[in-house]
Number of protein chains: 2
Amino acid sequence: MHPSRWGNPAEAAALPESTRGLVELALGVRETPAVEQVSLPPVGLADDVLSELRELLGDDFVLTDDEHRRVRTRGKSTPDLLKARAGDLTDAPDAVVRPATHGDVVALIELAVRHHIALVPFGGGTSVTGGLVARREGYAGVLSVDLIRMKGIREVDKVSMTVVLEPGLRGPEAEALLAEQGLMLGHFPQSFEFATIGGFAATRSSGQSSAGYGRFDTMVVALTMATPQGTLEVGSSPANAAGPDLRQLALGSEGAFGIITAVRVRVKALPAEKVYEAWQFPSFDAGADAMRHLSQNGLMPTVLRLSDENETALNLASQSEVGGDSAGGCLMIVGHEGVSVAARQALVGAALGELGGTRLGEERGAAWAEGRFHAPYLRDSLLDVGVLVETLETATFWSNRDRLYKAVTAALTEALGEKTLVLCHISHVYETGCSLYFTVAAPQADDALEQWLAAKARASQAMIDADATITHHHAVGTDHKPWFAQEIGEVGVRILRAVKADLDPTGVLNPGVMIP
Amino acid sequence: MHPSRWGNPAEAAALPESTRGLVELALGVRETPAVEQVSLPPVGLADDVLSELRELLGDDFVLTDDEHRRVRTRGKSTPDLLKARAGDLTDAPDAVVRPATHGDVVALIELAVRHHIALVPFGGGTSVTGGLVARREGYAGVLSVDLIRMKGIREVDKVSMTVVLEPGLRGPEAEALLAEQGLMLGHFPQSFEFATIGGFAATRSSGQSSAGYGRFDTMVVALTMATPQGTLEVGSSPANAAGPDLRQLALGSEGAFGIITAVRVRVKALPAEKVYEAWQFPSFDAGADAMRHLSQNGLMPTVLRLSDENETALNLASQSEVGGDSAGGCLMIVGHEGVSVAARQALVGAALGELGGTRLGEERGAAWAEGRFHAPYLRDSLLDVGVLVETLETATFWSNRDRLYKAVTAALTEALGEKTLVLCHISHVYETGCSLYFTVAAPQADDALEQWLAAKARASQAMIDADATITHHHAVGTDHKPWFAQEIGEVGVRILRAVKADLDPTGVLNPGVMIP
């Protein structure tokens with residue numbers, strides 16, 4: 001990936017003319033090209049350290065050239081892109097190192113401790129919360145620990161329906177290896193095409209089929225994590241009462257406690273059938289109430305997603321593929337995968353009909369499934385024409401949903417001005433609540449970075465003030481840290497700091513990330 | 001409860017004659033009455049401390065009389081009962097204190113730190129792993145923190161289907177308060193009648209309807225825990241990615257990190273219907289495979305339980321109620337609760353029939369449901385006639401189930417001799433594996449306590465050697481501690497010790513419990 005753009009350049013496209021017209025009307029358009037050919041800061045590592053790294057991993061796996069360092073500079077948040085577009089690559093790692101085994105990772109950590117070098121685990125590089133931007137002051141250098149060589153699948157257990165996956169597998173690579181065995185993980189976040197198993201685990205990722213297959217943290221039954229104090233291996237059983245669940249302390253640790261080198265995950269049989277259909281609800285409230293009914297009555301489909309009125313009207317993500325008019329109201333996507341799909345479709349459909357929904361059919365559902373990973377490309381096209389665009393997300397209990405929705409919308413609008421478009425959808429549903437995922441677009445100010453950071457701060461504080469989480473599935477990174485302590489409180493922060501101090505006393509693991 | 005017996009004396013009964021005959025034949029019978037009228041050690045607390053406690057909580061809520069101290073001495077494991085039966089009450093707390101509020105608990109902890117007094121949270125007193133036996137050496141005394149006054153239900157949220165429960169509510173008390181609102185928790189461990197919400201949370205309890213309603217730790221969406229460093233409040237949303245899940249560090253902490261003073265749990269609507277039916281399978285393997293099929297194909301009933309050949313034949317728990325012949329093979333109990341029960345019963349029944357099961361009907365299912373909380377009384381009757389009897393449990397992945405089953409059975413038989421009866425059932429089922437719950441009976445040796453501890457040691461090591469957990473739902477306490485480090489490894493132990501040292505630097509919280 002290029003540090004200033006999403007994904008695969010071949011998949012990207014300029015803004016479609018129809019969308020461009022709409023954007024021009026609503027927000028105004030101003031060509032804002034990225035600065036290219038930026039030079040990187042010099043490699044700050046001492047020669048003896050580089051020699052030692054090369055001895056450990058081999059010359060081919062210690063990379064200090066501009067191109068490798070460039071693409072491992074920061075992640076994919078809009079601030080990350082804005083910095084890269086402005087030519088700022090000051091956060092580039094000094095070198096990219098590629099361990100091949102758990103033993104390599106252990107040795108790397110030992111070396112990093114000895115030389116006081118910061119280690120930043122790198123999978124797909126898709127963090128949108130600054131998880132790849134380690135603090136460098138006081139360190140002898142920053143290494144991007146690229147897990148690209150750790151792509152194995154081991155211990156395929158079709159009786160228990162578990163497999164062990166290595167952290168460097170990208171989403172499609174893991175699914176392809178599993179598909180050879182007739183198996184599937186079923187984890188499809190928007191970053192699916194690029195993000196990796198290790199990243200999913202380290203950030204408590206959640207995918208678009210979470211209604212049916214669960215969050216990534218619920219898929220992990222065991223894991224191995226290398227730390228400066230040795231290796232943590234936990235997960236003796238599907239569930240147990242042997243003390244606190246330490247799996248859940250490693251999941252979400254974002255490289256700050258250790259580097260996850262393997263996860264045992266539960267898998268599913270490849271679905272015999274898949275059907276996605278679209279429904280229309282008269283309002284966001286009506287649609288959300290219908291979702292709540294499904295979740296609280298054992299009627300959860302595999303995919304369940306609801307756009308608010310604004311997102312439905314704009315239908316940004318799939319407009320170019322689907323074309324045609326918006327159906328008005330609020331669009332719901334309902335997907336069923338597996339066996340007995342027709343029966344489940346009928347049951348859920350009957351309930352949705354009773355709850356005020358109108359079935360729009362499978363064409364729009366299929367269009368959503370087709371375009372589901374493409375939204376981030378659109379952001380680049382919008383940034384190119386001077387539109388500030390970013391997403392953020394939160395979650396809360398059902399009774400607090402509307403309050404949270406209004407609070408975040410108001411915070412964003414107040415911060416970014418009247419021309420701001422705030423779109424929202426619910427894409428993760430639980431018995432007790434749901435996530436809210438916002439897409440924001442506004443005309444770029446001269447200092448778009450400052451403009452966004454101010455808006456993000458308002459929105460994050462609004463989430464805290466509305467008793468919600470600062471992030472349902474994007475992790476803390478560095479960007480959410482200022483609000484994280486308010487969410488988990490002083491005692492929560494103490495616990496994280498105590499674990500950090502014990503496992504990583506010299507602080508070489510992703511310094512500055514996650515822990516307040 | 002009496003320290004040497006289970007539950008309510010009015011519910012207990014001598015061994016039925018039919019059972020006594022069977023026991024006599026298999027194991028031999030020797031009347032072994034408990035020693036009564038044992039004196040307790042003197043109250044070891046200084047007068048100024050007692051005065052301070054009385055000032056804090058009121059005279060009525062600081063109890064130093066023999067009766068209150070006696071019933072809060074240890075828990076309900078067979079070793080606990082054997083010690084009490086032999087007249088050993090050396091582990092009695094110095095006093096029983098009854099806080100009424102979170103503020104009281106905070107103040108108690110502050111006082112305990114100041115005077116270096118050990119605090120043992122007490123709910124129902126049903127620990128079977130020594131969770132109530134804190135280390136007393138080096139402390140100025142031991143207080144049993146009886147949460148009996150904290151029985152509130154707050155913030156009933158029927159939209160989100162959550163309520164906040166206080167820790168002192170016993171199972172039936174919580175369900176009764178919820179039932180007034182048309183709601184239900186659905187947590188029914190064998191200790192249900194006595195154990196409390198706080199204990200369920202602190203020990204990661206799992207109940208007999210876990211197939212349908214989940215483990216207790218999956219029910220908790222938020223919690224409040226008082227620690228010497230302040231109060232931990234976590235649970236901003238149904239699920240989130242804001243760092244590691246600290247709820248899962250408090251759940252299972254067994255009073256060693258803090259005292260849980262409230263939990264927000266997800267609740268269900270009271271089930272419209274309940275049906276329990278019995279099935280017969282030709283073998284334990286066949287029955288377990290059928291359970292696995294249900295769990296991996298979205299056909300999970302609410303209750304799913306399978307006895308092995310021995311347990312089916314002896315049918316100890318319900319024999320006196322049901323009477324009649326054993327059906328042979330292996331007995332499975334399948335319960336459906338909620339709505340659409342008939343349809344689900346038909347679906348699951350069809351699958352079970354295809355997998356080799358024979359339906360025995362609802363009478364035996366109802367008998368199981370009727371007698372489900374009575375098994376512990378039988379233990380007392382057996383101890384009275386010189387039979388050593390105890391239960392232990394573990395869990396593993398499906399592919400390892402048979403190996404674990406054989407290993408634990410062999411360990412127990414080798415330790416206790418050829419006359420040993422080992423019964424087993426599976427009562428908790430997951431997509432990737434299941435629990436194994438063993439009941440063991442053998443003729444008592446002269447030193448029954450030593451005899452059992454040796455057998456327990458063999459069985460626990462067998463679980464570890466078979467890559468399984470030392471406990472699926474009974475927690476670590478003091479009894480499982482010798483094997484706990486092998487399960488979570490050196491790094492796991494470090495993490496627990498680091499959190500303990502930070503939250504409870506003077507070590508007053510349930511010292512000696514859980515943390516190796």
# chains A, B, ... in the order shown; residues from 1 in each chain; ligands from 1
$ interface_residues --of "chain A" --to "chain B" --cutoff "7 Å" --atoms "only C-alpha atoms" --output "PyMOL selection string"
chain A and resi 159-162+203-205+229-234+236-245+248-253+266+395-399+430+432-433+467-476+488-489+491-492+495+498-499+502+514
$ select_by_dssp --residues "range 170-408 of chain A" --states "alpha helix (DSSP H)" --output "NGL selection string"
:A and (171-179 or 197-202 or 210-213 or 216-219 or 247-250 or 284-296 or 309-314 or 319-322 or 341-354 or 362-371 or 375-384 or 401-408)
$ write_last_selection --atoms "C-alpha atoms" --output "PDB file, in the first residue's frame"
ATOM      1  CA  GLY A 171      -7.836 -12.247   5.481  1.00  0.00           C
ATOM      2  CA  PRO A 172      -8.151 -13.716   1.956  1.00  0.00           C
ATOM      3  CA  GLU A 173      -5.021 -15.841   2.421  1.00  0.00           C
ATOM      4  CA  ALA A 174      -6.402 -17.383   5.611  1.00  0.00           C
ATOM      5  CA  GLU A 175      -9.778 -18.028   3.996  1.00  0.00           C
ATOM      6  CA  ALA A 176      -8.120 -19.582   0.928  1.00  0.00           C
ATOM      7  CA  LEU A 177      -6.084 -22.000   3.058  1.00  0.00           C
ATOM      8  CA  LEU A 178      -9.170 -22.894   5.048  1.00  0.00           C
ATOM      9  CA  ALA A 179     -11.309 -23.291   1.935  1.00  0.00           C
ATOM     10  CA  ILE A 197      -4.822 -12.547  11.562  1.00  0.00           C
ATOM     11  CA  GLY A 198      -2.352 -11.088  14.052  1.00  0.00           C
ATOM     12  CA  GLY A 199      -3.879  -7.663  13.648  1.00  0.00           C
ATOM     13  CA  PHE A 200      -7.410  -8.986  14.046  1.00  0.00           C
ATOM     14  CA  ALA A 201      -6.362 -10.537  17.344  1.00  0.00           C
ATOM     15  CA  ALA A 202      -4.280  -7.637  18.627  1.00  0.00           C
ATOM     16  CA  SER A 210     -20.328 -10.663  13.214  1.00  0.00           C
ATOM     17  CA  ALA A 211     -24.038 -11.313  13.721  1.00  0.00           C
ATOM     18  CA  GLY A 212     -23.528 -14.847  12.485  1.00  0.00           C
ATOM     19  CA  TYR A 213     -19.906 -15.636  13.231  1.00  0.00           C
ATOM     20  CA  PHE A 216     -12.673 -12.060  16.236  1.00  0.00           C
ATOM     21  CA  ASP A 217     -12.085 -12.218  20.001  1.00  0.00           C
ATOM     22  CA  THR A 218     -14.879 -14.773  20.289  1.00  0.00           C
ATOM     23  CA  MET A 219     -13.260 -16.899  17.564  1.00  0.00           C
ATOM     24  CA  ARG A 247      -6.798 -14.667  26.381  1.00  0.00           C
ATOM     25  CA  GLN A 248      -8.903 -11.543  26.721  1.00  0.00           C
ATOM     26  CA  LEU A 249      -5.934  -9.627  28.100  1.00  0.00           C
ATOM     27  CA  ALA A 250      -3.745 -10.525  25.123  1.00  0.00           C
ATOM     28  CA  PHE A 284     -33.552   4.541  11.576  1.00  0.00           C
ATOM     29  CA  ASP A 285     -35.453   4.009  14.826  1.00  0.00           C
ATOM     30  CA  ALA A 286     -37.819   1.498  13.246  1.00  0.00           C
ATOM     31  CA  GLY A 287     -34.956  -0.386  11.637  1.00  0.00           C
ATOM     32  CA  ALA A 288     -32.921  -0.422  14.846  1.00  0.00           C
ATOM     33  CA  ASP A 289     -35.902  -1.689  16.803  1.00  0.00           C
ATOM     34  CA  ALA A 290     -36.290  -4.487  14.270  1.00  0.00           C
ATOM     35  CA  MET A 291     -32.623  -5.415  14.698  1.00  0.00           C
ATOM     36  CA  ARG A 292     -33.088  -5.445  18.438  1.00  0.00           C
ATOM     37  CA  HIS A 293     -36.070  -7.728  18.082  1.00  0.00           C
ATOM     38  CA  LEU A 294     -34.078 -10.189  15.971  1.00  0.00           C
ATOM     39  CA  SER A 295     -31.131 -10.215  18.370  1.00  0.00           C
ATOM     40  CA  GLN A 296     -33.279 -10.687  21.447  1.00  0.00           C
ATOM     41  CA  GLU A 309     -31.618   8.077   6.384  1.00  0.00           C
ATOM     42  CA  ASN A 310     -28.545  10.065   5.306  1.00  0.00           C
ATOM     43  CA  GLU A 311     -26.437   7.047   4.433  1.00  0.00           C
ATOM     44  CA  THR A 312     -29.354   5.443   2.640  1.00  0.00           C
ATOM     45  CA  ALA A 313     -29.940   8.590   0.603  1.00  0.00           C
ATOM     46  CA  LEU A 314     -26.331   9.038  -0.303  1.00  0.00           C
ATOM     47  CA  GLN A 319     -23.862   3.931  -5.614  1.00  0.00           C
ATOM     48  CA  SER A 320     -21.520   3.591  -8.539  1.00  0.00           C
ATOM     49  CA  GLU A 321     -22.076  -0.161  -8.735  1.00  0.00           C
ATOM     50  CA  VAL A 322     -25.803  -0.248  -8.111  1.00  0.00           C
ATOM     51  CA  VAL A 341     -30.978 -20.675   4.476  1.00  0.00           C
ATOM     52  CA  ALA A 342     -34.448 -20.523   2.939  1.00  0.00           C
ATOM     53  CA  ALA A 343     -36.118 -21.459   6.214  1.00  0.00           C
ATOM     54  CA  ARG A 344     -34.139 -18.881   8.167  1.00  0.00           C
ATOM     55  CA  GLN A 345     -34.766 -16.273   5.494  1.00  0.00           C
ATOM     56  CA  ALA A 346     -38.485 -16.929   5.795  1.00  0.00           C
ATOM     57  CA  LEU A 347     -38.486 -16.747   9.591  1.00  0.00           C
ATOM     58  CA  VAL A 348     -36.453 -13.554   9.747  1.00  0.00           C
ATOM     59  CA  GLY A 349     -38.347 -12.065   6.816  1.00  0.00           C
ATOM     60  CA  ALA A 350     -41.677 -12.667   8.514  1.00  0.00           C
ATOM     61  CA  ALA A 351     -40.428 -10.914  11.636  1.00  0.00           C
ATOM     62  CA  LEU A 352     -39.034  -7.953   9.673  1.00  0.00           C
ATOM     63  CA  GLY A 353     -42.282  -7.612   7.765  1.00  0.00           C
ATOM     64  CA  GLU A 354     -44.244  -7.487  10.984  1.00  0.00           C
ATOM     65  CA  GLU A 362     -31.709  -9.755  -3.362  1.00  0.00           C
ATOM     66  CA  GLU A 363     -30.278  -7.524  -6.091  1.00  0.00           C
ATOM     67  CA  ARG A 364     -29.437  -4.684  -3.748  1.00  0.00           C
ATOM     68  CA  GLY A 365     -28.231  -7.208  -1.178  1.00  0.00           C
ATOM     69  CA  ALA A 366     -25.871  -8.770  -3.691  1.00  0.00           C
ATOM     70  CA  ALA A 367     -24.658  -5.310  -4.704  1.00  0.00           C
ATOM     71  CA  TRP A 368     -23.767  -4.570  -1.105  1.00  0.00           C
ATOM     72  CA  ALA A 369     -21.874  -7.864  -0.793  1.00  0.00           C
ATOM     73  CA  GLU A 370     -20.053  -7.141  -4.061  1.00  0.00           C
ATOM     74  CA  GLY A 371     -18.914  -3.661  -3.049  1.00  0.00           C
ATOM     75  CA  ALA A 375     -15.563   2.149   0.513  1.00  0.00           C
ATOM     76  CA  PRO A 376     -12.015   3.113   1.580  1.00  0.00           C
ATOM     77  CA  TYR A 377     -11.037   3.756  -2.063  1.00  0.00           C
ATOM     78  CA  LEU A 378     -13.754   6.371  -2.271  1.00  0.00           C
ATOM     79  CA  ARG A 379     -12.126   8.252   0.587  1.00  0.00           C
ATOM     80  CA  ASP A 380      -8.987   8.751  -1.487  1.00  0.00           C
ATOM     81  CA  SER A 381     -11.026  10.085  -4.393  1.00  0.00           C
ATOM     82  CA  LEU A 382     -12.766  12.531  -2.076  1.00  0.00           C
ATOM     83  CA  LEU A 383      -9.526  13.679  -0.446  1.00  0.00           C
ATOM     84  CA  ASP A 384      -8.254  14.315  -3.984  1.00  0.00           C
ATOM     85  CA  ARG A 401     -28.558   4.202  21.047  1.00  0.00           C
ATOM     86  CA  ASP A 402     -30.531   7.256  20.041  1.00  0.00           C
ATOM     87  CA  ARG A 403     -28.848   9.481  22.632  1.00  0.00           C
ATOM     88  CA  LEU A 404     -25.423   8.402  21.401  1.00  0.00           C
ATOM     89  CA  TYR A 405     -26.401   8.816  17.747  1.00  0.00           C
ATOM     90  CA  LYS A 406     -27.577  12.373  18.328  1.00  0.00           C
ATOM     91  CA  ALA A 407     -24.629  13.287  20.535  1.00  0.00           C
ATOM     92  CA  VAL A 408     -21.984  12.169  18.037  1.00  0.00           C
TER      93      VAL A 408
END
$ atom_distance --atom1 "CA of Pro301 in chain B" --atom2 "CA of Arg170 in chain B"
25.5 Å
$ closest_residue --among "B:Gly21, B:Ala14, B:Ser51, B:Ala84" --to "Val35 in chain B" --atoms "only C-alpha atoms"
B:Ala84
$ atom_distance --atom1 "CA of Leu423 in chain B" --atom2 "CA of Ser307 in chain B"
7.9 Å
$ closest_residue --among "A:Ser283, A:Ser460, A:Thr391, A:Ser144" --to "Gly255 in chain A" --atoms "only C-alpha atoms"
A:Ser144
$ atom_distance --atom1 "CA of Pro3 in chain A" --atom2 "CA of Lys76 in chain A"
7.6 Å
$ closest_residue --among "A:Ala195, A:Val263, A:Val43, A:Val387" --to "Thr126 in chain A" --atoms "only C-alpha atoms"
A:Ala195
$ residues_around --residues "Val389 in chain A" --least-positions-apart "4" --cutoff "12 Å" --atoms "only C-alpha atoms" --output "ChimeraX atom specification"
/A:23,27,77-79,81-82,316,375-385,412,416,420-423,438-445,448-449,451-452,455-456
$ write_last_selection --atoms "C-alpha atoms" --output "compact mmCIF listing (two decimals), in the first residue's frame"
# COMPACT_ATOMS: atom_id res chain seq x y z
CA VAL A 23 -20.16 16.18 -3.87
CA LEU A 27 -19.43 20.29 -0.26
CA SER A 77 -6.66 6.83 9.17
CA THR A 78 -7.46 10.08 7.43
CA PRO A 79 -4.85 11.86 9.60
CA LEU A 81 -3.25 9.87 4.83
CA LEU A 82 -3.26 13.65 5.24
CA LEU A 316 -21.99 6.38 -1.03
CA ALA A 375 -15.56 2.15 0.51
CA PRO A 376 -12.01 3.11 1.58
CA TYR A 377 -11.04 3.76 -2.06
CA LEU A 378 -13.75 6.37 -2.27
CA ARG A 379 -12.13 8.25 0.59
CA ASP A 380 -8.99 8.75 -1.49
CA SER A 381 -11.03 10.08 -4.39
CA LEU A 382 -12.77 12.53 -2.08
CA LEU A 383 -9.53 13.68 -0.45
CA ASP A 384 -8.25 14.32 -3.98
CA VAL A 385 -11.03 16.85 -4.55
CA LEU A 412 -19.28 16.38 14.42
CA LEU A 416 -17.03 20.85 11.14
CA THR A 420 -21.00 18.58 7.16
CA LEU A 421 -22.55 15.33 6.04
CA VAL A 422 -22.85 12.76 8.81
CA LEU A 423 -23.91 9.30 7.72
CA PHE A 438 -20.27 7.14 11.29
CA THR A 439 -18.96 8.44 8.00
CA VAL A 440 -18.28 12.16 7.98
CA ALA A 441 -17.63 14.43 5.02
CA ALA A 442 -16.99 18.16 5.07
CA PRO A 443 -15.19 20.73 2.93
CA GLN A 444 -11.49 20.67 3.80
CA ALA A 445 -10.13 23.65 5.68
CA ALA A 448 -7.35 19.65 7.15
CA LEU A 449 -5.38 17.68 9.72
CA GLN A 451 -9.63 20.44 11.35
CA TRP A 452 -10.17 16.71 11.64
CA ALA A 455 -13.68 17.16 15.20
CA LYS A 456 -12.45 13.75 16.31
$ select_by_dssp --residues "range 234-451 of chain A" --states "strand (DSSP E or B)" --output "PyMOL selection string"
chain A and resi 234+259-266+268-269+273-281+303-307+330-338+358-361+387-397+421-426+429+433-443
$ residues_around --residues "Leu119 in chain B" --least-positions-apart "3" --cutoff "6 Å" --atoms "only C-alpha atoms" --output "ChimeraX atom specification"
/B:143,508-510
$ write_last_selection --atoms "C-alpha atoms" --output "compact mmCIF listing (two decimals), in the first residue's frame"
# COMPACT_ATOMS: atom_id res chain seq x y z
CA LEU B 143 -12.78 -11.35 58.18
CA VAL B 508 -5.26 -8.36 52.20
CA LEU B 509 -7.65 -9.63 49.53
CA ASN B 510 -8.31 -13.36 49.92
